[in-house]
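Q: Structure file work_14.txt (compact mmCIF, C-alpha atoms and all ligand atoms) right here:
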```
# COMPACT_ATOMS: atom_id res chain seq x y z
CA MET Y 1 17.20 -69.61 47.20
CA GLU Y 2 19.42 -67.72 49.66
CA VAL Y 3 18.97 -63.95 49.56
CA VAL Y 4 22.68 -63.47 48.91
CA LEU Y 5 22.56 -65.34 45.59
CA GLY Y 6 20.12 -62.88 44.01
CA GLY Y 7 22.92 -60.35 43.47
CA VAL Y 8 25.49 -62.84 42.15
CA PRO Y 9 26.16 -62.41 38.41
CA LEU Y 10 25.79 -66.16 37.83
CA PHE Y 11 22.26 -66.11 39.19
CA SER Y 12 20.98 -62.64 38.33
CA ALA Y 13 20.59 -63.68 34.67
CA LEU Y 14 18.47 -66.73 35.46
CA ASP Y 15 14.79 -67.20 36.18
CA ALA Y 16 13.80 -68.83 39.49
CA GLU Y 17 13.78 -72.33 38.01
CA GLY Y 18 17.20 -71.95 36.38
CA ALA Y 19 18.65 -70.40 39.54
CA ALA Y 20 17.34 -73.28 41.66
CA ALA Y 21 18.85 -75.84 39.26
CA LEU Y 22 22.21 -74.08 39.30
CA ARG Y 23 22.11 -73.78 43.09
CA ALA Y 24 21.49 -77.54 43.31
CA SER Y 25 24.84 -78.19 41.63
CA MET Y 26 26.73 -76.13 44.22
CA GLN Y 27 28.15 -77.54 47.43
CA GLU Y 28 28.33 -75.66 50.71
CA VAL Y 29 31.78 -75.64 52.30
CA ARG Y 30 32.77 -74.10 55.62
CA PHE Y 31 36.11 -72.62 56.61
CA GLY Y 32 37.39 -71.35 59.95
CA LYS Y 33 39.13 -68.01 60.37
CA GLY Y 34 42.66 -68.29 58.92
CA ASP Y 35 41.96 -71.40 56.83
CA VAL Y 36 43.35 -71.40 53.29
CA VAL Y 37 40.68 -72.21 50.68
CA PHE Y 38 43.28 -72.60 47.92
CA SER Y 39 46.79 -71.39 47.23
CA GLU Y 40 48.27 -69.45 44.37
CA GLY Y 41 49.69 -71.96 41.88
CA ASP Y 42 47.22 -74.75 42.75
CA ASP Y 43 45.22 -76.34 39.95
CA GLY Y 44 41.78 -74.73 40.01
CA ASP Y 45 38.71 -76.88 39.49
CA ARG Y 46 35.91 -74.82 40.99
CA LEU Y 47 34.71 -71.30 41.60
CA TYR Y 48 33.17 -70.03 44.81
CA VAL Y 49 30.45 -67.66 45.89
CA VAL Y 50 30.71 -66.22 49.41
CA SER Y 51 27.53 -67.01 51.30
CA ASP Y 52 28.68 -65.71 54.69
CA GLY Y 53 31.94 -64.26 56.00
CA LYS Y 54 34.97 -62.73 54.30
CA ILE Y 55 37.80 -64.03 52.15
CA LYS Y 56 41.05 -62.24 51.32
CA LEU Y 57 42.75 -62.83 47.98
CA GLY Y 58 46.51 -62.52 48.34
CA HIS Y 59 49.23 -62.52 45.73
CA ALA Y 60 52.93 -63.03 46.42
CA ALA Y 61 55.51 -61.01 44.49
CA SER Y 62 58.67 -62.77 43.27
CA ASP Y 63 60.55 -61.50 46.34
CA GLY Y 64 57.93 -63.09 48.60
CA ARG Y 65 56.14 -59.89 49.62
CA GLU Y 66 52.35 -60.24 49.86
CA THR Y 67 49.79 -57.92 48.35
CA LEU Y 68 46.06 -58.15 48.82
CA LEU Y 69 44.15 -58.07 45.56
CA ALA Y 70 40.70 -57.93 47.10
CA VAL Y 71 38.49 -58.74 50.06
CA MET Y 72 35.41 -60.76 49.15
CA GLY Y 73 32.15 -60.67 51.09
CA PRO Y 74 28.66 -62.17 50.80
CA GLY Y 75 27.52 -62.34 47.16
CA ASP Y 76 31.04 -62.04 45.72
CA MET Y 77 32.43 -64.68 43.39
CA PHE Y 78 36.04 -65.78 42.99
CA GLY Y 79 38.04 -68.63 41.47
CA GLU Y 80 36.61 -68.24 37.97
CA LEU Y 81 39.83 -67.19 36.19
CA SER Y 82 41.20 -70.72 36.09
CA LEU Y 83 37.94 -71.74 34.38
CA PHE Y 84 38.14 -69.21 31.56
CA ASP Y 85 41.91 -69.46 31.23
CA PRO Y 86 42.83 -72.95 32.43
CA GLY Y 87 45.95 -72.67 34.52
CA PRO Y 88 47.11 -72.29 38.08
CA ARG Y 89 45.26 -70.19 40.66
CA THR Y 90 46.33 -66.55 40.40
CA ALA Y 91 45.88 -65.81 44.11
CA THR Y 92 45.66 -67.45 47.52
CA ALA Y 93 42.22 -67.34 49.13
CA THR Y 94 42.21 -67.23 52.94
CA ALA Y 95 39.25 -66.93 55.30
CA LEU Y 96 39.35 -63.68 57.32
CA THR Y 97 36.45 -64.86 59.46
CA ASP Y 98 34.51 -68.09 59.81
CA THR Y 99 33.15 -68.37 56.30
CA VAL Y 100 30.54 -70.29 54.34
CA LEU Y 101 31.19 -70.70 50.61
CA LEU Y 102 29.21 -72.28 47.81
CA GLY Y 103 31.52 -74.15 45.46
CA LEU Y 104 30.69 -74.82 41.83
CA HIS Y 105 32.78 -77.28 39.88
CA HIS Y 106 33.97 -75.82 36.59
CA GLN Y 107 32.60 -78.91 34.80
CA ALA Y 108 29.15 -78.27 36.29
CA LEU Y 109 29.20 -74.67 35.06
CA ARG Y 110 30.22 -75.45 31.47
CA PRO Y 111 26.78 -76.58 30.20
CA TRP Y 112 25.30 -73.35 31.60
CA LEU Y 113 27.80 -71.25 29.70
CA THR Y 114 27.03 -72.95 26.38
CA GLY Y 115 23.30 -73.55 26.91
CA ARG Y 116 22.37 -70.21 28.51
CA PRO Y 117 24.17 -67.30 26.85
CA GLU Y 118 22.77 -64.93 29.48
CA VAL Y 119 24.86 -66.73 32.14
CA ALA Y 120 28.01 -66.34 30.02
CA GLU Y 121 27.13 -62.67 29.43
CA ALA Y 122 26.65 -62.02 33.15
CA LEU Y 123 30.02 -63.59 33.91
CA LEU Y 124 31.69 -61.51 31.20
CA GLN Y 125 30.12 -58.43 32.74
CA ALA Y 126 31.50 -59.38 36.16
CA LEU Y 127 34.96 -59.83 34.60
CA ALA Y 128 34.69 -56.47 32.84
CA GLN Y 129 33.79 -54.80 36.15
CA ARG Y 130 36.84 -56.40 37.73
CA VAL Y 131 39.09 -55.05 34.97
CA ARG Y 132 37.64 -51.57 35.57
CA ARG Y 133 38.38 -51.87 39.29
CA VAL Y 134 41.91 -53.13 38.65
CA ASN Y 135 42.51 -50.18 36.29
CA ASP Y 136 41.27 -47.74 38.94
CA ASN Y 137 43.54 -49.30 41.54
CA LEU Y 138 46.49 -49.22 39.17
CA SER Y 139 46.14 -45.53 38.40
CA GLU Y 140 45.75 -44.79 42.12
CA LEU Y 141 48.93 -46.71 42.82
CA VAL Y 142 50.70 -44.56 40.24
CA PHE Y 143 49.13 -41.16 40.92
CA SER Y 144 47.87 -41.08 44.55
CA ASP Y 145 49.94 -40.74 47.71
CA VAL Y 146 49.60 -43.29 50.51
CA PRO Y 147 47.06 -41.30 52.59
CA GLY Y 148 44.91 -40.91 49.46
CA ARG Y 149 45.06 -44.65 48.86
CA VAL Y 150 44.27 -45.43 52.49
CA ALA Y 151 41.25 -43.09 52.32
CA LYS Y 152 40.07 -44.79 49.10
CA ALA Y 153 40.56 -48.29 50.57
CA LEU Y 154 38.52 -47.37 53.67
CA LEU Y 155 35.75 -45.96 51.46
CA ASP Y 156 35.74 -49.08 49.26
CA LEU Y 157 35.57 -51.32 52.34
CA GLY Y 158 32.82 -49.05 53.67
CA GLU Y 159 30.82 -49.44 50.48
CA LYS Y 160 31.09 -53.18 50.76
CA PHE Y 161 30.85 -53.87 54.47
CA GLY Y 162 29.67 -50.56 55.97
CA GLU Y 163 26.74 -50.29 58.31
CA SER Y 164 25.14 -46.88 58.91
CA ARG Y 165 25.09 -45.91 62.58
CA ALA Y 166 24.24 -42.74 64.44
CA ASP Y 167 27.93 -41.78 64.79
CA GLY Y 168 28.97 -42.67 61.24
CA LEU Y 169 29.61 -45.60 58.93
CA PHE Y 170 30.75 -48.63 60.91
CA VAL Y 171 33.03 -50.81 58.77
CA GLU Y 172 33.95 -54.22 60.11
CA HIS Y 173 36.67 -55.12 57.61
CA ASP Y 174 38.36 -57.86 59.70
CA LEU Y 175 41.79 -56.86 58.40
CA THR Y 176 44.87 -56.36 60.55
CA GLN Y 177 46.87 -53.16 59.95
CA GLU Y 178 49.43 -55.31 58.12
CA GLU Y 179 46.70 -56.60 55.78
CA LEU Y 180 45.34 -53.10 55.28
CA ALA Y 181 48.86 -52.05 54.26
CA GLN Y 182 49.04 -54.99 51.83
CA LEU Y 183 45.73 -53.88 50.32
CA VAL Y 184 46.98 -50.33 49.84
CA GLY Y 185 50.43 -51.35 48.60
CA ALA Y 186 52.47 -49.48 51.21
CA SER Y 187 54.42 -50.21 54.38
CA ARG Y 188 52.60 -50.73 57.64
CA GLU Y 189 54.37 -47.71 59.14
CA THR Y 190 53.20 -45.32 56.41
CA VAL Y 191 49.66 -46.68 56.55
CA ASN Y 192 49.60 -46.37 60.36
CA LYS Y 193 50.73 -42.77 60.06
CA ALA Y 194 47.95 -41.99 57.59
CA LEU Y 195 45.36 -43.68 59.83
CA ALA Y 196 46.61 -41.78 62.90
CA ASP Y 197 46.37 -38.52 60.94
CA PHE Y 198 42.76 -39.28 59.91
CA VAL Y 199 41.93 -40.08 63.56
CA ALA Y 200 43.50 -36.81 64.73
CA ARG Y 201 41.42 -34.90 62.16
CA GLY Y 202 38.25 -36.58 63.39
CA TRP Y 203 37.52 -38.33 60.08
CA ILE Y 204 37.65 -41.90 61.43
CA ARG Y 205 37.73 -43.87 64.66
CA LEU Y 206 39.81 -47.03 64.86
CA GLU Y 207 38.71 -50.19 66.58
CA SER Y 208 40.18 -53.65 66.38
CA ARG Y 209 39.66 -54.95 62.81
CA SER Y 210 37.06 -52.29 62.18
CA VAL Y 211 36.80 -48.57 61.63
CA THR Y 212 34.03 -46.01 61.97
CA ILE Y 213 34.06 -43.32 59.29
CA THR Y 214 32.86 -40.26 61.15
CA ASP Y 215 33.41 -37.69 58.39
CA LEU Y 216 32.62 -39.33 55.08
CA GLU Y 217 32.80 -36.13 53.06
CA ARG Y 218 36.31 -35.16 54.12
CA LEU Y 219 37.57 -38.71 53.67
CA GLN Y 220 36.07 -38.74 50.17
CA ARG Y 221 37.77 -35.45 49.38
CA ARG Y 222 41.12 -36.86 50.58
CA ALA Y 223 40.65 -39.93 48.38
CA ARG Y 224 40.30 -37.87 45.22
P1 LIG R 301 41.54 -68.02 40.10
O1 LIG R 301 42.79 -67.61 39.42
O2 LIG R 301 40.87 -69.27 39.70
O3 LIG R 301 41.85 -68.08 41.69
C1 LIG R 301 42.17 -66.85 42.35
C2 LIG R 301 41.02 -65.90 42.14
O4 LIG R 301 41.21 -64.61 42.67
C3 LIG R 301 40.85 -65.62 40.65
O5 LIG R 301 40.46 -66.82 40.00
C4 LIG R 301 39.88 -64.49 40.68
O6 LIG R 301 38.56 -64.95 40.91
C5 LIG R 301 40.36 -63.73 41.91
N1 LIG R 301 41.17 -62.55 41.54
C6 LIG R 301 42.38 -62.56 40.93
N2 LIG R 301 42.82 -61.30 40.73
C7 LIG R 301 41.87 -60.47 41.24
C8 LIG R 301 41.73 -59.04 41.35
N3 LIG R 301 42.68 -58.22 40.91
N4 LIG R 301 40.60 -58.55 41.91
C9 LIG R 301 39.65 -59.38 42.38
N5 LIG R 301 39.73 -60.73 42.31
C10 LIG R 301 40.81 -61.27 41.74
```
Render the structure in this file as structure tokens.

A:
Amino acid sequence: MEVVLGGVPLFSALDAEGAAALRASMQEVRFGKGDVVFSEGDDGDRLYVVSDGKIKLGHAASDGRETLLAVMGPGDMFGELSLFDPGPRTATATALTDTVLLGLHHQALRPWLTGRPEVAEALLQALAQRVRRVNDNLSELVFSDVPGRVAKALLDLGEKFGESRADGLFVEHDLTQEELAQLVGASRETVNKALADFVARGWIRLESRSVTITDLERLQRRAR
């Protein structure tokens, strides 16, 4: 079994034999950078686990403005909401890089949920963790200023995609500044200003679609 699957809630509850059987019912699908995996409002019939690459989950407000709900990387799962609550997709999934996904048809997952309570429990735990994260983001949106939210977003991306290097934490997030602004819930101009301020203070270094966090402690303090 691929290394990445070990940390996926669906698999972590299973023994090697169960995990191999579940893996056998998944299909590998590949997407190029910019490809749309599914769109908000589509009928959902499968969930996905990211095997390689990154996926952004975007949500359009009624006035057409886009927000980013999350960026998914290797080991992350998405597309399960329309299984538990049958209905249209709640977000649009777009590949930020060339991406390999493992798709699991909702019908193929059902027997696992009823026959192996530990799989259902692991999925409930993953959902509960998502609710916690959404709550955190919501209170930040209400109580933190834009620089604080930008700092927190960079730290979250760093936790997920960061790579320790001699000069700091290198974070290849693959987001444009517009997408970073959509993730933070602010205008591109305000987010750019916050980023420029962090650069001037020596907390981060900006590169195209990546950032190096050079002063983790100060950035953490700003995020609080
Ligand atoms: P589904 O509605 O089937 O398709 C879109 C998916 O995006 C959804 O399932 C979830 O897996 C995922 N998703 C929706 N909202 C969030 C969120 N706030 N944080 C992380 N993932 C989400």

Q: If we count only C-alpha atoms and set the cut-off at 12 Å, which residues sit around Gln107 (chain Y), ignoring sequence neighbours fewer than 4 positions away in its own chain? Please answer as an NGL selection string.

A: :Y and (25-26 or 44-47 or 80 or 82-84 or 103 or 111-114)

Q: Output C-alpha atoms of each residue in that selection to a file, as an mmCIF file, keeping the file's coordinate frame.

A:
```cif
data_model
loop_
_atom_site.group_PDB
_atom_site.id
_atom_site.type_symbol
_atom_site.label_atom_id
_atom_site.label_comp_id
_atom_site.auth_asym_id
_atom_site.auth_seq_id
_atom_site.Cartn_x
_atom_site.Cartn_y
_atom_site.Cartn_z
ATOM 1 C CA SER Y 25 24.840 -78.190 41.630
ATOM 2 C CA MET Y 26 26.730 -76.130 44.220
ATOM 3 C CA GLY Y 44 41.780 -74.730 40.010
ATOM 4 C CA ASP Y 45 38.710 -76.880 39.490
ATOM 5 C CA ARG Y 46 35.910 -74.820 40.990
ATOM 6 C CA LEU Y 47 34.710 -71.300 41.600
ATOM 7 C CA GLU Y 80 36.610 -68.240 37.970
ATOM 8 C CA SER Y 82 41.200 -70.720 36.090
ATOM 9 C CA LEU Y 83 37.940 -71.740 34.380
ATOM 10 C CA PHE Y 84 38.140 -69.210 31.560
ATOM 11 C CA GLY Y 103 31.520 -74.150 45.460
ATOM 12 C CA PRO Y 111 26.780 -76.580 30.200
ATOM 13 C CA TRP Y 112 25.300 -73.350 31.600
ATOM 14 C CA LEU Y 113 27.800 -71.250 29.700
ATOM 15 C CA THR Y 114 27.030 -72.950 26.380
#
```

Q: Which polymer residues have any atom within 8 Å of an atom of Ala13 (chain Y), counting only C-alpha atoms, with same-chain residues fewer than 5 positions away left out, as a JSON list (two decimals) with C-alpha atoms, in the coordinates of the input?

A:
```
[["chain", "number", "residue", "atom", "x", "y", "z"],
["Y", 118, "GLU", "CA", 22.77, -64.93, 29.48],
["Y", 119, "VAL", "CA", 24.86, -66.73, 32.14],
["Y", 122, "ALA", "CA", 26.65, -62.02, 33.15]]
```

Q: Please measure the separation of CA of Phe170 (chain Y) and CA of Ser208 (chain Y), giving the value in Å to one decimal.

A: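 The value is 12.0 Å.
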
Q: From the list Y:Glu163, Y:Asp145, Y:Asp52, Y:Glu40, which residue is nearest Ala95 (chain Y) when using all atoms listed in the file?

A: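 Smallest separation from Ala95 (chain Y) among the options: Y:Asp52.
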
Q: In terms of the shortest atom-to-atom distance over all atoms listed in the file, which of Y:Leu57, Y:Val71, Y:Leu104, Y:Leu124 is closest to Thr92 (chain Y)?

A: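 The answer is Y:Leu57, which sits nearest to Thr92 (chain Y).
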
Q: Between Y:Leu5, Y:Ala24, Y:Ala91, Y:Val36, single out the one closest to ligand LIG 301 (chain R), counting only C-alpha atoms and all ligand atoms.

A: Y:Ala91

Q: Which of these residues is nearest to Val8 (chain Y), using all atoms listed in the file: Y:Glu140, Y:Asp174, Y:Glu217, Y:Asp76?

A: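 Closest to Val8 (chain Y) of all the choices is Y:Asp76.
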
Q: Provide the CA of Gly79 (chain Y) to CA of Ser187 (chain Y) distance in Å, to one decimal place.

A: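 Computed distance, CA of Gly79 (chain Y) to CA of Ser187 (chain Y), equals 27.8 Å.
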
Q: So what do you get for CA of Trp203 (chain Y) versus CA of Gln177 (chain Y), distance-wise?

A: 17.5 Å

Q: Rank Y:Phe38, Y:His59, Y:Pro9, Y:Arg116 by their smallest atom-to-atom distance to Met77 (chain Y), using all atoms listed in the file, and report the top residue only.

A: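 The closest residue to Met77 (chain Y) is Y:Pro9.
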
Q: Taking into account only C-alpha atoms, which residue in the set Y:Val171, Y:Val191, Y:Leu157, Y:Ala181 is nearest to Arg205 (chain Y)?

A: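 Of all the options, Y:Val171 lies closest to Arg205 (chain Y).
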
Q: Give the padded box for region 75-93 of chain Y as AutoDock Vina command-line options: axis-aligned, covering all atoms listed in the file, 6 Å on each side, centre and edge lengths in Å to one decimal.

A:
```
--center_x 37.3 --center_y -67.5 --center_z 40.2 --size_x 31.6 --size_y 22.9 --size_z 29.9
```

Q: Kindly extract all protein, DNA and RNA residues lying within 9 Å of the coordinates (40.4, -41.8, 49.4) given in the file, considering all atoms listed in the file, and supply them as a PyMOL selection string.

A: chain Y and resi 144+147-156+219-224

Q: Set the distance at 6 Å and use all atoms listed in the file: which residues neighbour Val100 (chain Y) once local chain neighbours fewer than 4 positions away are removed? I'd like the list as an NGL selection string.

A: :Y and (29-30 or 51-52)

Q: When you get a chance, write out all heavy atoms for region 98-109 of chain Y, as a short mmCIF file (atom, residue, chain, number, x, y, z; two decimals), keeping the file's coordinate frame.

A:
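Heads up, here's the output in out-v9.cif:
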```cif
data_model
loop_
_atom_site.label_atom_id
_atom_site.label_comp_id
_atom_site.auth_asym_id
_atom_site.auth_seq_id
_atom_site.Cartn_x
_atom_site.Cartn_y
_atom_site.Cartn_z
N ASP Y 98 35.18 -66.82 60.13
CA ASP Y 98 34.51 -68.09 59.81
C ASP Y 98 33.65 -67.80 58.58
O ASP Y 98 32.97 -66.77 58.52
CB ASP Y 98 33.62 -68.53 60.98
CG ASP Y 98 34.47 -69.01 62.15
OD1 ASP Y 98 35.69 -69.19 61.96
OD2 ASP Y 98 33.92 -69.20 63.24
N THR Y 99 33.73 -68.68 57.61
CA THR Y 99 33.15 -68.37 56.30
C THR Y 99 32.38 -69.56 55.72
O THR Y 99 32.80 -70.70 55.88
CB THR Y 99 34.29 -67.98 55.32
OG1 THR Y 99 34.96 -66.83 55.82
CG2 THR Y 99 33.77 -67.66 53.94
N VAL Y 100 31.28 -69.25 55.07
CA VAL Y 100 30.54 -70.29 54.34
C VAL Y 100 30.61 -69.95 52.85
O VAL Y 100 30.27 -68.83 52.45
CB VAL Y 100 29.06 -70.35 54.78
CG1 VAL Y 100 28.34 -71.50 54.07
CG2 VAL Y 100 28.94 -70.49 56.29
N LEU Y 101 31.08 -70.91 52.06
CA LEU Y 101 31.19 -70.70 50.61
C LEU Y 101 30.31 -71.70 49.89
O LEU Y 101 30.04 -72.79 50.40
CB LEU Y 101 32.63 -70.92 50.15
CG LEU Y 101 33.73 -70.06 50.77
CD1 LEU Y 101 35.09 -70.48 50.22
CD2 LEU Y 101 33.49 -68.58 50.47
N LEU Y 102 29.89 -71.33 48.69
CA LEU Y 102 29.21 -72.28 47.81
C LEU Y 102 30.17 -72.55 46.65
O LEU Y 102 30.57 -71.62 45.96
CB LEU Y 102 27.90 -71.69 47.29
CG LEU Y 102 26.85 -71.43 48.37
CD1 LEU Y 102 25.71 -70.61 47.80
CD2 LEU Y 102 26.34 -72.75 48.92
N GLY Y 103 30.56 -73.79 46.51
CA GLY Y 103 31.52 -74.15 45.46
C GLY Y 103 30.80 -74.69 44.24
O GLY Y 103 29.79 -75.40 44.36
N LEU Y 104 31.29 -74.32 43.08
CA LEU Y 104 30.69 -74.82 41.83
C LEU Y 104 31.82 -75.35 40.95
O LEU Y 104 32.73 -74.60 40.57
CB LEU Y 104 29.95 -73.69 41.11
CG LEU Y 104 29.30 -74.04 39.77
CD1 LEU Y 104 28.25 -75.14 39.93
CD2 LEU Y 104 28.66 -72.80 39.14
N HIS Y 105 31.76 -76.64 40.69
CA HIS Y 105 32.78 -77.28 39.88
C HIS Y 105 32.75 -76.68 38.47
O HIS Y 105 31.67 -76.48 37.92
CB HIS Y 105 32.50 -78.79 39.84
CG HIS Y 105 33.75 -79.58 39.70
ND1 HIS Y 105 34.36 -79.80 38.50
CD2 HIS Y 105 34.52 -80.18 40.64
CE1 HIS Y 105 35.45 -80.51 38.69
NE2 HIS Y 105 35.58 -80.75 39.98
N HIS Y 106 33.93 -76.40 37.93
CA HIS Y 106 33.97 -75.82 36.59
C HIS Y 106 33.20 -76.68 35.58
O HIS Y 106 32.50 -76.16 34.72
CB HIS Y 106 35.43 -75.66 36.12
CG HIS Y 106 36.18 -74.58 36.86
ND1 HIS Y 106 37.54 -74.46 36.85
CD2 HIS Y 106 35.74 -73.54 37.62
CE1 HIS Y 106 37.91 -73.41 37.57
NE2 HIS Y 106 36.84 -72.85 38.06
N GLN Y 107 33.31 -78.01 35.73
CA GLN Y 107 32.60 -78.91 34.80
C GLN Y 107 31.09 -78.72 34.89
O GLN Y 107 30.38 -78.83 33.89
CB GLN Y 107 32.94 -80.38 35.10
CG GLN Y 107 34.35 -80.79 34.74
CD GLN Y 107 34.75 -80.34 33.34
OE1 GLN Y 107 33.92 -80.26 32.43
NE2 GLN Y 107 36.02 -79.99 33.16
N ALA Y 108 30.60 -78.44 36.10
CA ALA Y 108 29.15 -78.27 36.29
C ALA Y 108 28.67 -76.95 35.70
O ALA Y 108 27.49 -76.80 35.36
CB ALA Y 108 28.81 -78.35 37.78
N LEU Y 109 29.60 -75.99 35.58
CA LEU Y 109 29.20 -74.67 35.06
C LEU Y 109 29.19 -74.66 33.52
O LEU Y 109 28.40 -73.94 32.90
CB LEU Y 109 30.16 -73.61 35.59
CG LEU Y 109 29.92 -72.16 35.16
CD1 LEU Y 109 28.53 -71.68 35.55
CD2 LEU Y 109 30.97 -71.23 35.76
#
```
